[in-house]
Number of protein chains: 2
Amino acid sequence: MEVELRIKMNEKLFIRDPGQTELGKKIIRHSIQLIYKNGFEVFTFKKLAKDIGTTEAGIYRYFENKHRLLIYMTAWYWGSLQYRAGFTINNITDPAIKLKKLIQLLATTVVDDDNALFINEVMLHQIIIAEGSKAYLIKHVAEDNKEQLIKPYKDLCALIADIILECNPKYKFPRSLASTIIKMTHFQILFMNNLPSLTDFGKPKDELKMVLFLEDLVFSSIRKK
Amino acid sequence: MEVELRIKMNEKLFIRDPGQTELGKKIIRHSIQLIYKNGFEVFTFKKLAKDIGTTEAGIYRYFENKHRLLIYMTAWYWGSLQYRAGFTINNITDPAIKLKKLIQLLATTVVDDDNALFINEVMLHQIIIAEGSKAYLIKHVAEDNKEQLIKPYKDLCALIADIILECNPKYKFPRSLASTIIKMTHFQILFMNNLPSLTDFGKPKDELKMVLFLEDLVFSSIRKK
DNA sequence: TCTAAATAATAGTATTACTATCTTAAATAA
DNA sequence: TTATTTAAGATAGTAATACTATTATTTAGA
């Protein structure tokens, strides 16, 4: 039996649902490869179309522009993470262990490299780390789209904030700490890989030490007092 | 007597030094205004030229492209911060107080709105918070330029890391904590202003509470053990 | 006053980011 | 089975962007 994990995406994120058609899946798959390889700035629909073997107009039937495509990817990433987070902490009662598991989930490179899926999560993870901020760090995103885009992110943040409160109901900054955890895991990975002198685990790369740092940071402030 | 603070900028960051000429200063001043107002994506040299009352070609004599201009601004910002950091902690001996002062410096909106200066630091601060990541989150920056751009950032990080070690010589992650402080002050400001639900001080905006959060986070982990 | 540097004015090109239209192929519904 | 949607392919075209090049004019310094 095959189980296909399908993440329900908000309809406003696309013109035509890329998950529903072959071309749509190809668009996502090849975009991820191209952006992963060369970065978002040099990525164009023309190059994508050529890579896929279709035409520019074909892509435009799915996404309004390349920025929307990045938003779609980002939302997909956070949705998937949300799902895996729920899975990870399922049946665990100790909130501290839940939190540790989540930090690990966030900080550790995804290993699920199932080629059957139309989304390569390893590459996507790297893209989000390197380019993810660009999805919402822009002035022209209309408020409603921003809402839709940010929602899975917010949900994950709220989930973590709740667990923090479980650990210590008196802790004053659960949401800020939650968003800090999420941001910092990504940034420390980015720094570790590209600007190692901004970290203490860049040379040699030591993901484990990074997790230790994050755990230390989080638990010292939660447990204090 | 007038004292002009001049920040020495690396020569690779521009074609012609904008600090040396009237047009150059205008370029910086108007870029800051335009990017602050509409964001970096929609900012073009054509619009800038029109705004200044010069031509596109005129701008290109100073900067290779708009991305280089952003790099210049970013480097200027970190240079300025580095200078103000030194100023701020001068004559203070207690490392914990030094650290607190630096957190405040990073987190608090700059007030120095001296119109005489060709760089409006209040706007620049906001630009760096909102668009700063775009300066180095790109694949095509050549390594040497990246070095030059990142240097003042690294220097500031190293300065903070040293103070952290003064506070507690046994602390294991001084550099990661330092880069975390720098990143998080900016992100928490951004979230506070744009995505308040990701923070605990968004509604109403409470910069002071934010500083408390950061201090709590930093000192609980440094002082532990 | 002469010279060199800086700027202004104008023009032009390649690429990007789209939009429009028309045709064909495939899926589905009556 | 045929009719009808629906998706995809093919082709063309436009406005804006991101530059480069050339020449003329102004300004400042020796």
# chains A, B, ... in the order shown; residues from 1 in each chain; ligands from 1
$ interface_residues --of "chain C" --to "chain A" --cutoff "10 Å" --atoms "only C-alpha atoms (C1' of nucleotides)" --output "list in words"
DT16, DA17, DC18 and DT19 of chain C
$ write_last_selection --atoms "C-alpha atoms (C1' of nucleotides)" --output "tab-separated table (two decimals), in the first residue's frame"
chain	number	residue	atom	x	y	z
C	16	DT	C1'	13.13	40.04	-18.04
C	17	DA	C1'	8.50	39.82	-16.95
C	18	DC	C1'	4.86	39.53	-18.57
C	19	DT	C1'	0.00	39.19	-21.99
$ residues_around --residues "DA8 in chain D" --least-positions-apart "5" --cutoff "10 Å" --atoms "only C-alpha atoms (C1' of nucleotides)" --output "list in words"
Leu23, Thr54, Thr55, Ala57, Gly58 and Arg61 of chain A; DT24, DA25 and DA26 of chain C
$ residues_around --residues "DT23 in chain D" --least-positions-apart "6" --cutoff "12 Å" --atoms "only C-alpha atoms (C1' of nucleotides)" --output "mmCIF file with N, CA and C atoms (P, O5', C5', C4', C3', O3' and C1' of nucleotides), in the first residue's frame"
data_model
loop_
_atom_site.group_PDB
_atom_site.id
_atom_site.type_symbol
_atom_site.label_atom_id
_atom_site.label_comp_id
_atom_site.auth_asym_id
_atom_site.auth_seq_id
_atom_site.Cartn_x
_atom_site.Cartn_y
_atom_site.Cartn_z
ATOM 1 P P DA C 8 24.622 65.883 -13.416
ATOM 2 O "O5'" DA C 8 24.154 66.245 -14.884
ATOM 3 C "C5'" DA C 8 24.674 67.412 -15.517
ATOM 4 C "C4'" DA C 8 24.333 67.355 -16.989
ATOM 5 C "C3'" DA C 8 22.998 66.701 -17.327
ATOM 6 O "O3'" DA C 8 22.319 67.590 -18.206
ATOM 7 C "C1'" DA C 8 24.734 65.698 -18.596
ATOM 8 P P DA C 9 20.900 67.298 -18.764
ATOM 9 O "O5'" DA C 9 21.246 66.594 -20.151
ATOM 10 C "C5'" DA C 9 22.102 67.242 -21.083
ATOM 11 C "C4'" DA C 9 22.006 66.508 -22.410
ATOM 12 C "C3'" DA C 9 20.657 65.829 -22.648
ATOM 13 O "O3'" DA C 9 20.251 66.091 -23.988
ATOM 14 C "C1'" DA C 9 22.408 64.232 -22.791
ATOM 15 P P DT C 10 18.828 65.643 -24.520
ATOM 16 O "O5'" DT C 10 19.238 64.343 -25.341
ATOM 17 C "C5'" DT C 10 20.386 64.372 -26.180
ATOM 18 C "C4'" DT C 10 20.696 62.979 -26.675
ATOM 19 C "C3'" DT C 10 19.483 62.101 -26.935
ATOM 20 O "O3'" DT C 10 19.399 61.846 -28.326
ATOM 21 C "C1'" DT C 10 21.240 60.901 -25.875
ATOM 22 P P DA C 11 18.211 60.906 -28.918
ATOM 23 O "O5'" DA C 11 18.987 59.545 -29.128
ATOM 24 C "C5'" DA C 11 20.353 59.559 -29.537
ATOM 25 C "C4'" DA C 11 20.872 58.144 -29.540
ATOM 26 C "C3'" DA C 11 19.803 57.119 -29.888
ATOM 27 O "O3'" DA C 11 20.275 56.318 -30.960
ATOM 28 C "C1'" DA C 11 20.949 56.498 -27.899
#
$ interface_residues --of "chain B" --to "chain A" --cutoff "7 Å" --atoms "only C-alpha atoms" --output "ChimeraX atom specification"
/B:38-39,130-131,137-139,154,157,173,175-176,179-180,184,198-200,213,216-217,220-221,224
$ atom_distance --atom1 "CA of Ile127 in chain B" --atom2 "CA of Lys50 in chain B"
21.1 Å
$ atom_distance --atom1 "CA of His125 in chain A" --atom2 "CA of Lys8 in chain A"
18.6 Å
$ atom_distance --atom1 "CA of Asp162 in chain A" --atom2 "CA of Leu208 in chain A"
25.1 Å
$ interface_residues --of "chain D" --to "chain B" --cutoff "10 Å" --atoms "only C-alpha atoms (C1' of nucleotides)" --output "MDAnalysis selection string"
chainID D and resid 17:20
$ write_last_selection --atoms "N, CA and C atoms (P, O5', C5', C4', C3', O3' and C1' of nucleotides)" --output "tab-separated table (two decimals), in the first residue's frame"
chain	number	residue	atom	x	y	z
D	17	DT	P	10.82	49.39	-14.50
D	17	DT	O5'	12.05	48.41	-14.75
D	17	DT	C5'	11.90	47.02	-14.51
D	17	DT	C4'	13.19	46.33	-14.84
D	17	DT	C3'	14.44	46.96	-14.21
D	17	DT	O3'	15.16	45.92	-13.58
D	17	DT	C1'	14.74	46.66	-16.53
D	18	DA	P	16.34	46.29	-12.59
D	18	DA	O5'	17.63	46.02	-13.47
D	18	DA	C5'	17.79	44.77	-14.11
D	18	DA	C4'	18.99	44.87	-15.02
D	18	DA	C3'	20.16	45.69	-14.44
D	18	DA	O3'	21.38	45.05	-14.78
D	18	DA	C1'	19.56	46.54	-16.50
D	19	DC	P	22.69	45.40	-13.98
D	19	DC	O5'	23.02	46.90	-14.44
D	19	DC	C5'	24.20	47.17	-15.16
D	19	DC	C4'	23.98	46.92	-16.67
D	19	DC	C3'	25.02	47.59	-17.53
D	19	DC	O3'	26.14	46.75	-17.68
D	19	DC	C1'	22.82	47.76	-18.47
D	20	DT	P	27.57	47.44	-17.84
D	20	DT	O5'	27.57	47.97	-19.35
D	20	DT	C5'	27.24	47.09	-20.41
D	20	DT	C4'	27.47	47.84	-21.71
D	20	DT	C3'	28.75	48.68	-21.71
D	20	DT	O3'	29.46	48.43	-22.92
D	20	DT	C1'	26.87	50.02	-22.26
$ residues_around --residues "DA5 in chain C" --least-positions-apart "5" --cutoff "12 Å" --atoms "only C-alpha atoms (C1' of nucleotides)" --output "PyMOL selection string"
(chain B and resi 21) or (chain D and resi 26-29)
$ residues_around --residues "range 98-109 of chain A" --least-positions-apart "2" --cutoff "6 Å" --atoms "only C-alpha atoms (C1' of nucleotides)" --output "PDB file with C-alpha atoms, in the first residue's frame"
ATOM      1  CA  ILE A  89       5.956  14.796  19.375  1.00  0.00           C
ATOM      2  CA  PRO A  95       7.185  18.913  27.340  1.00  0.00           C
ATOM      3  CA  ALA A  96      10.956  19.242  27.661  1.00  0.00           C
ATOM      4  CA  THR A 185      18.115  27.062  13.676  1.00  0.00           C
TER       5      THR A 185
END
$ closest_residue --among "B:Asn120, B:Gln20, B:Thr74, B:Gln33" --to "Leu149 in chain B" --atoms "only C-alpha atoms"
B:Thr74
